[in-house]
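What follows is a short report on a single structure.
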Amino acid sequence: MRHLALTLLAVCSAAEAPANGSFPVSIDDARAADVIIETKPERIVALSNFGADMMVALGLTPIGITTYEGKRPVYLGPSLDGAADLGDLTAPNLEILASLAPDLTIGMLHYNGPFEKEISEIGGFLAFDAGDLATSDENVTQLGRALGASEVAAEMNAAFAELRRSIRERAPQDGPEYLFLWHYYDTFYAYQDNLLTTELISSMGAENLAGYNDSVETAEQAFMPLDPEELLKFDPEVLFVFTSHGGPVKANPVFDRMAAVQNGKAFSMGYQYSQPSGPIAREMILLEAAHLLYPDLFDAPEMPDGARARPLVFAE
Amino acid sequence: MSRSPSAVLGLGLVLALLLLSAVHLRVGAFDTPWSALPALLWQDDGSAAGFALRDIRLPRLICAMLVGAALAVSGLLIQIVTRNPLGDPGLTGVSGGAAFGVALAITLLSPAVWVVLGSGVAGGALAAVLTFALSHHAGMRSLHLLLAGIAVSAFFIAATGAVIIAQRSSMQTLYFWMIGGFAGKGWPEVALIGPLTASGLAASLALGPILAVLALDDTVARGVGLATGRWRLVSAALSVLLAAGAVAIAGPIAFIGFIAPHLVRHSTPDRAGQLAMRAFLPLTALTGAVLTSGADLATRLIPFGKNAPAGIWVSVFGGILFLLLAQRMLRGPAR
């Protein structure tokens with residue numbers, strides 16, 4: 001069974017206590033404004049999964065995290081158990097944040113932008129946004145510098161590039177057609193290749209039927225709305241579904257006719273797929289998707305059971 | 001030989017409904033030529049296009065029509081019961097109650113169609129019963145019903161909020177339900193709303209003569225020996241039955257129930273007699289069906305935005321019509 005390379009990297013990092021940075025540093029975050037970090041942060045709150053993911057990968061523990069739809073990021077395992085709960089990612093409890101007295105808060109501009117002023121006054125604030133692979137690499141680089149681990153961050157990006165290359169070499173050139181769906185009850189949205197999750201899956205020879213969207217301003221807008229009939233017309237060989245409410249997908253007669261469902265290739269995916277920018281999430285996605293696409297070529301990765309893909313379940 | 005305005009309107013509505021239905025069935029991801037429609041509708045040739053026509057487009061269309069007809073007649077009934085031309089099924093708290101029922105089902109029970117719809121209907125009915133109970137001592141007069149409806153709705157909206165906060169994971173699903181619409185509605189929904197609407201419409205037609213008298217002044221109604229309190233309650237219960245199922249399926253678009261009767265009033269002479277009511281009810285039902293199926297067709301043909309729910313046009317068209325009618329009513333005496 002394939003071990004996550006980053007897990008090993010994180011262990012090494014923790015043992016060595018990454019301190020390969022000098023302060024003050026100037027960080028270029030998603031606000032296109034340089035943020036000066038005067039000293040190495042010690043009390044860090046991660047409002048975003050990316051922040052928590054990066055810290056866990058570096059062997060650090062945030063003092064506070066948020067939840068997404070009421071759930072902690074299961075894919076990061078028990079390493080966050082002691083972190084305070086600041087509530088939902090979209091509306092973190094600023095009073096709890098203030099009581100934690102962080103010297104750095106890592107958030108998402110998309111969700112935490114409206115509270116930027118308040119969060120900055122409580123402690124230093126760095127905002128990153130999700131996007132494509134280049135954005136993820138850049139986020140890892142910038143946050144690595146802010147946490148005094150710029151060399152380890154560079155190693156993470158290099159190791160991930162190497163992992164992608166090795167998987168691409170082993171994977172078939174013409175992999176299966178697939179769709180990655182996110183859904184609001186009866187309405188489906190297909191991830192397009194502008195987004196990191198599908199960018200990674202497509203990099204392994206699989207063809208995303210939702211394609212790449214040239215007309216969007218940011219990767220975060222790259223979702224193709226689909227009605228059930230359009231979904232049936234696409235009829236992908238593999239269907240990945242991020243069940244945002246965590247429960248079974250509402251039964252729809254369309255599913256019964258789809259090749260992916262009939263062939264046992266319809267999967268309910270973990271939360272890491274919706275927030276894939278972190279070094280652990282993106283590696284987990286790459287390894288797990290490789291296994292789901294090509295089970296004969298790639299073993300299932302070692303990962304927390306709660307984060308593992310499951311057969312798609314339908315509520316009748 | 002000249003036809004009555006009601007007959008002309010009825011014919012126009014039937015033709016509009018047929019035209020909308022044809023376009024509804026023709027348009028979709030699978031190209032379906034006009035000439036192939038009848039064969040694909042009646043014969044299962046095993047093709048994906050035939051499946052899409054019979055199991056996606058057709059039940060969605062029927063669902064939209066049934067919901068529109070149910071809400072329209074429900075609105076007419078509540079306008080008669082309260083003698084309030086601004087009445088709609090939402091007045092009874094049914095929308096707030098149905099939202100609570102749906103929230104409860106999705107968060108605590110199951111997202112299965114029957115569970116969600118059953119819970120929505122039960123929630124809507126419970127809210128309406130509370131509203132009627134609160135306003136009953138005042139003879140269900142318009143003002144008291146309005147106040148009771150506002151209070152009950154506020155309570156159920158707060159309760160829905162509490163359920164969502166307790167189980168945040170269902171917030172997005174509920175958000176989309178609250179916008180309303182018919183995307184993804186299939187035969188299970190038709191199986192629920194069909195009997196409810198058919199029995200509700202049949203009962204309303206049977207009540208036609210009584211409704212015509214109820215629409216008059218109470219003194220006149222009592223003068224002809226009508227137990228106004230009892231029949232008001234029966235009519236209101238019928239209104240709730242029609243609205244609760246429709247709202248549970250399509251979300252809180254109950255204002256269709258306000259618009260449809262007014263469109264009929266503005267298109268035909270308003271006679272409160274028995275014969276007029278017999279025409280008024282089916283015309284109102286047809287108008288509701290045309291409104292909702294037309295708005296749903298628009299959601300399929302006109303993309304509103306990347307992340308807009310499919311039912312947004314139902315709300316947009318309904319809202320515009322609502323404003324136009326309200327403006328017209330404010331300018332002159334209500335017809």
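We label chains A, B, ... in the order they appear in the structure tokens, count residues from 1 in each chain, and number ligands from 1 in the order shown.
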Any idea which chain A residues end up within 12 Å of chain B if we count only C-alpha atoms, as number ranges by chain please? A: 67-72, 87-91, 182-190, 215-216, 220-235, 243-259, 313-316
As an NGL selection string, list the residues of stretch 110-265 of chain A assigned to strand (DSSP E or B) by DSSP on the backbone atoms of this structure. :A and (124-128 or 177-184 or 187-191 or 207-208 or 223-226 or 238-242 or 249-250)
Fewer than 4 positions away in the same chain doesn't count, so skip those; otherwise give me all residues within 9 Å of B:Cys63, counting only C-alpha atoms, as a PyMOL selection string. chain B and resi 58-59+67-68+182+185-187+189-190+193-194+246+249-250+293
Write out as a PDB file with C-alpha atoms, in the first residue's frame which residues come within 12 Å of B:Pro209 when counting only C-alpha atoms, dropping same-chain ones fewer than 2 positions away.
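Wrote it out as selection14.pdb, contents follow:
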ATOM      1  CA  ALA B 203     -63.507  19.201  -3.979  1.00  0.00           C
ATOM      2  CA  SER B 204     -63.140  22.883  -4.858  1.00  0.00           C
ATOM      3  CA  LEU B 205     -65.358  22.449  -7.895  1.00  0.00           C
ATOM      4  CA  ALA B 206     -67.899  20.635  -5.776  1.00  0.00           C
ATOM      5  CA  LEU B 207     -67.804  23.537  -3.333  1.00  0.00           C
ATOM      6  CA  LEU B 211     -67.788  29.463  -2.490  1.00  0.00           C
ATOM      7  CA  ALA B 212     -69.914  31.779  -4.599  1.00  0.00           C
ATOM      8  CA  VAL B 213     -72.068  32.563  -1.562  1.00  0.00           C
ATOM      9  CA  LEU B 214     -69.070  32.809   0.782  1.00  0.00           C
ATOM     10  CA  ALA B 215     -67.652  35.467  -1.511  1.00  0.00           C
ATOM     11  CA  LEU B 216     -70.689  37.633  -0.653  1.00  0.00           C
ATOM     12  CA  ALA B 221     -74.580  34.323   3.228  1.00  0.00           C
ATOM     13  CA  VAL B 224     -79.521  32.071   2.531  1.00  0.00           C
ATOM     14  CA  LEU B 226     -75.187  29.049   4.965  1.00  0.00           C
ATOM     15  CA  TRP B 231     -67.702  26.401   5.289  1.00  0.00           C
ATOM     16  CA  ALA B 272     -69.809  36.078  -8.012  1.00  0.00           C
ATOM     17  CA  GLY B 273     -72.606  33.738  -9.011  1.00  0.00           C
ATOM     18  CA  GLN B 274     -72.510  29.980  -9.028  1.00  0.00           C
ATOM     19  CA  LEU B 275     -71.980  29.722 -12.772  1.00  0.00           C
ATOM     20  CA  ALA B 276     -69.152  32.245 -12.660  1.00  0.00           C
ATOM     21  CA  MET B 277     -67.416  30.384  -9.834  1.00  0.00           C
ATOM     22  CA  ARG B 278     -67.633  27.145 -11.785  1.00  0.00           C
ATOM     23  CA  ALA B 279     -65.785  28.856 -14.594  1.00  0.00           C
ATOM     24  CA  PHE B 280     -63.532  30.841 -12.279  1.00  0.00           C
ATOM     25  CA  LEU B 281     -62.026  27.785 -10.565  1.00  0.00           C
TER      26      LEU B 281
END
Best match for closeness to B:Leu86 among B:Trp313, B:Phe322, B:Phe258, B:Phe132, counting only C-alpha atoms: B:Phe258
Spatial neighbours of B:Gly288, max dist 6 Å, only C-alpha atoms, sep filter under 4 positions, as a JSON list (two decimals) with N, CA and C atoms, in the first residue's frame:
[["chain", "number", "residue", "atom", "x", "y", "z"],
["B", 68, "GLY", "N", -48.70, 24.51, -10.17],
["B", 68, "GLY", "CA", -49.29, 25.81, -10.53],
["B", 68, "GLY", "C", -50.79, 25.81, -10.31],
["B", 69, "ALA", "N", -51.45, 24.74, -10.75],
["B", 69, "ALA", "CA", -52.91, 24.66, -10.60],
["B", 69, "ALA", "C", -53.28, 24.63, -9.11],
["B", 72, "ALA", "N", -52.70, 28.05, -7.48],
["B", 72, "ALA", "CA", -53.64, 29.05, -7.97],
["B", 72, "ALA", "C", -55.01, 28.89, -7.30],
["B", 260, "ALA", "N", -52.54, 34.25, -9.94],
["B", 260, "ALA", "CA", -53.43, 33.57, -10.90],
["B", 260, "ALA", "C", -54.88, 34.04, -10.81]]
Mind the document's chain letters and residue numbers, and return as a VMD selection string the residues of stretch 237-305 of chain A that DSSP labels alpha helix (DSSP H). chain A and resid 253 to 257 259 to 262 279 to 293
Find the residues around stretch 89-102 of chain B up to 8 Å (only C-alpha atoms counted), leave out those fewer than 4 positions away in its own chain, and share them as a PyMOL selection string. chain B and resi 71+74-75+78+106+116-117+119-128+131-132+145-146+148-150+152-154+156-157+159-160+174+178+239-240+243-244+247-248+251-252+254-255+257-258
Print the selection's residues with N, CA and C atoms to a file, as a CSV table (one decimal), in the first residue's frame.
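part_3.csv, written as the output of this step:
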chain,number,residue,atom,x,y,z
B,71,LEU,N,-51.6,25.7,-6.5
B,71,LEU,CA,-51.3,27.0,-5.8
B,71,LEU,C,-52.4,28.0,-6.2
B,74,SER,N,-55.6,27.2,-4.6
B,74,SER,CA,-55.4,27.5,-3.1
B,74,SER,C,-55.5,29.0,-2.8
B,75,GLY,N,-54.9,29.8,-3.7
B,75,GLY,CA,-54.9,31.2,-3.5
B,75,GLY,C,-56.3,31.8,-3.6
B,78,ILE,N,-58.3,31.0,-0.5
B,78,ILE,CA,-58.0,31.8,0.6
B,78,ILE,C,-58.4,33.3,0.4
B,106,ILE,N,-34.7,16.7,5.9
B,106,ILE,CA,-33.3,16.6,5.3
B,106,ILE,C,-32.2,16.5,6.4
B,116,VAL,N,-39.1,13.7,2.5
B,116,VAL,CA,-39.1,15.1,2.4
B,116,VAL,C,-40.4,15.7,2.1
B,117,LEU,N,-41.1,15.1,1.1
B,117,LEU,CA,-42.4,15.7,0.7
B,117,LEU,C,-43.5,15.5,1.8
B,119,SER,N,-42.9,15.1,5.0
B,119,SER,CA,-42.6,16.0,6.1
B,119,SER,C,-43.0,17.4,5.8
B,120,GLY,N,-42.8,17.8,4.5
B,120,GLY,CA,-43.1,19.2,4.1
B,120,GLY,C,-44.6,19.4,4.2
B,121,VAL,N,-45.4,18.5,3.7
B,121,VAL,CA,-46.8,18.6,3.7
B,121,VAL,C,-47.3,18.6,5.2
B,122,ALA,N,-46.8,17.8,6.0
B,122,ALA,CA,-47.2,17.8,7.4
B,122,ALA,C,-46.8,19.1,8.1
B,123,GLY,N,-45.6,19.6,7.8
B,123,GLY,CA,-45.2,20.9,8.4
B,123,GLY,C,-46.1,22.0,7.9
B,124,GLY,N,-46.4,22.1,6.6
B,124,GLY,CA,-47.3,23.1,6.1
B,124,GLY,C,-48.7,23.0,6.7
B,125,ALA,N,-49.2,21.8,6.8
B,125,ALA,CA,-50.6,21.6,7.4
B,125,ALA,C,-50.6,22.0,8.9
B,126,LEU,N,-49.5,21.7,9.6
B,126,LEU,CA,-49.5,22.0,11.0
B,126,LEU,C,-49.5,23.5,11.2
B,127,ALA,N,-48.7,24.2,10.4
B,127,ALA,CA,-48.6,25.7,10.5
B,127,ALA,C,-49.9,26.3,10.2
B,128,ALA,N,-50.6,25.8,9.2
B,128,ALA,CA,-51.9,26.3,8.8
B,128,ALA,C,-52.9,26.1,9.9
B,131,THR,N,-52.3,28.6,12.5
B,131,THR,CA,-52.8,29.9,12.1
B,131,THR,C,-54.3,30.0,12.2
B,132,PHE,N,-55.0,29.0,11.7
B,132,PHE,CA,-56.5,29.0,11.8
B,132,PHE,C,-56.9,29.0,13.3
B,145,LEU,N,-56.4,36.8,10.4
B,145,LEU,CA,-55.7,35.7,9.8
B,145,LEU,C,-54.3,36.1,9.3
B,146,LEU,N,-54.2,37.3,8.9
B,146,LEU,CA,-52.9,37.9,8.4
B,146,LEU,C,-51.9,37.9,9.6
B,148,ALA,N,-52.1,36.3,12.5
B,148,ALA,CA,-51.8,34.9,12.9
B,148,ALA,C,-50.8,34.3,12.0
B,149,GLY,N,-51.0,34.5,10.7
B,149,GLY,CA,-50.1,33.9,9.7
B,149,GLY,C,-48.7,34.4,9.8
B,150,ILE,N,-48.6,35.7,10.0
B,150,ILE,CA,-47.2,36.3,10.2
B,150,ILE,C,-46.6,35.7,11.4
B,152,VAL,N,-47.2,32.8,13.0
B,152,VAL,CA,-46.9,31.4,12.8
B,152,VAL,C,-45.7,31.2,11.8
B,153,SER,N,-45.7,32.0,10.8
B,153,SER,CA,-44.6,31.9,9.8
B,153,SER,C,-43.3,32.3,10.5
B,154,ALA,N,-43.3,33.4,11.3
B,154,ALA,CA,-42.1,33.8,12.0
B,154,ALA,C,-41.6,32.7,12.9
B,156,PHE,N,-42.1,29.4,12.6
B,156,PHE,CA,-41.5,28.3,11.8
B,156,PHE,C,-40.2,28.7,11.1
B,157,ILE,N,-40.1,29.9,10.7
B,157,ILE,CA,-38.9,30.3,10.0
B,157,ILE,C,-37.7,30.3,11.0
B,159,ALA,N,-37.7,28.4,13.7
B,159,ALA,CA,-37.4,27.0,14.0
B,159,ALA,C,-36.6,26.3,12.9
B,160,THR,N,-36.9,26.7,11.6
B,160,THR,CA,-36.1,26.2,10.5
B,160,THR,C,-34.7,26.7,10.7
B,174,LEU,N,-31.3,23.2,1.6
B,174,LEU,CA,-32.4,24.0,2.0
B,174,LEU,C,-32.5,25.3,1.3
B,178,MET,N,-35.6,26.6,-0.9
B,178,MET,CA,-36.3,27.8,-0.6
B,178,MET,C,-36.4,28.8,-1.8
B,239,SER,N,-57.7,24.8,0.9
B,239,SER,CA,-56.6,25.6,0.4
B,239,SER,C,-55.3,25.1,0.9
B,240,VAL,N,-55.3,24.8,2.2
B,240,VAL,CA,-54.0,24.3,2.8
B,240,VAL,C,-53.6,23.0,2.2
B,243,ALA,N,-52.1,23.7,-1.1
B,243,ALA,CA,-50.8,24.5,-1.0
B,243,ALA,C,-49.7,23.7,-0.4
B,244,ALA,N,-50.0,22.9,0.6
B,244,ALA,CA,-48.9,22.2,1.4
B,244,ALA,C,-48.1,21.3,0.5
B,247,VAL,N,-46.1,23.4,-2.1
B,247,VAL,CA,-44.9,24.1,-1.6
B,247,VAL,C,-43.8,23.0,-1.2
B,248,ALA,N,-44.3,21.9,-0.6
B,248,ALA,CA,-43.3,20.9,-0.3
B,248,ALA,C,-42.5,20.4,-1.5
B,251,GLY,N,-41.1,24.3,-3.4
B,251,GLY,CA,-40.5,25.4,-2.6
B,251,GLY,C,-41.6,26.5,-2.4
B,252,PRO,N,-41.2,27.6,-1.6
B,252,PRO,CA,-42.2,28.6,-1.3
B,252,PRO,C,-42.5,29.6,-2.4
B,254,ALA,N,-45.5,30.4,-3.2
B,254,ALA,CA,-47.0,30.4,-3.0
B,254,ALA,C,-47.6,31.6,-3.6
B,255,PHE,N,-46.8,32.7,-3.9
B,255,PHE,CA,-47.5,33.9,-4.4
B,255,PHE,C,-48.1,33.7,-5.8
B,257,GLY,N,-50.3,31.8,-6.1
B,257,GLY,CA,-51.7,31.7,-5.6
B,257,GLY,C,-52.4,33.1,-5.5
B,258,PHE,N,-51.6,34.1,-5.4
B,258,PHE,CA,-52.1,35.5,-5.5
B,258,PHE,C,-52.3,35.9,-6.9
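Atom CA of A:Ile44 sits 9.2 Å away from atom CA of A:Leu60.
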When you look at A:Tyr111 with a cut-off of 12 Å (counting only C-alpha atoms), what residues show up, excluding the ones that are within fewer than 2 positions of it in the same chain? I need them as a PyMOL selection string. chain A and resi 47-49+66+68+88-92+106-109+113-116+127-130
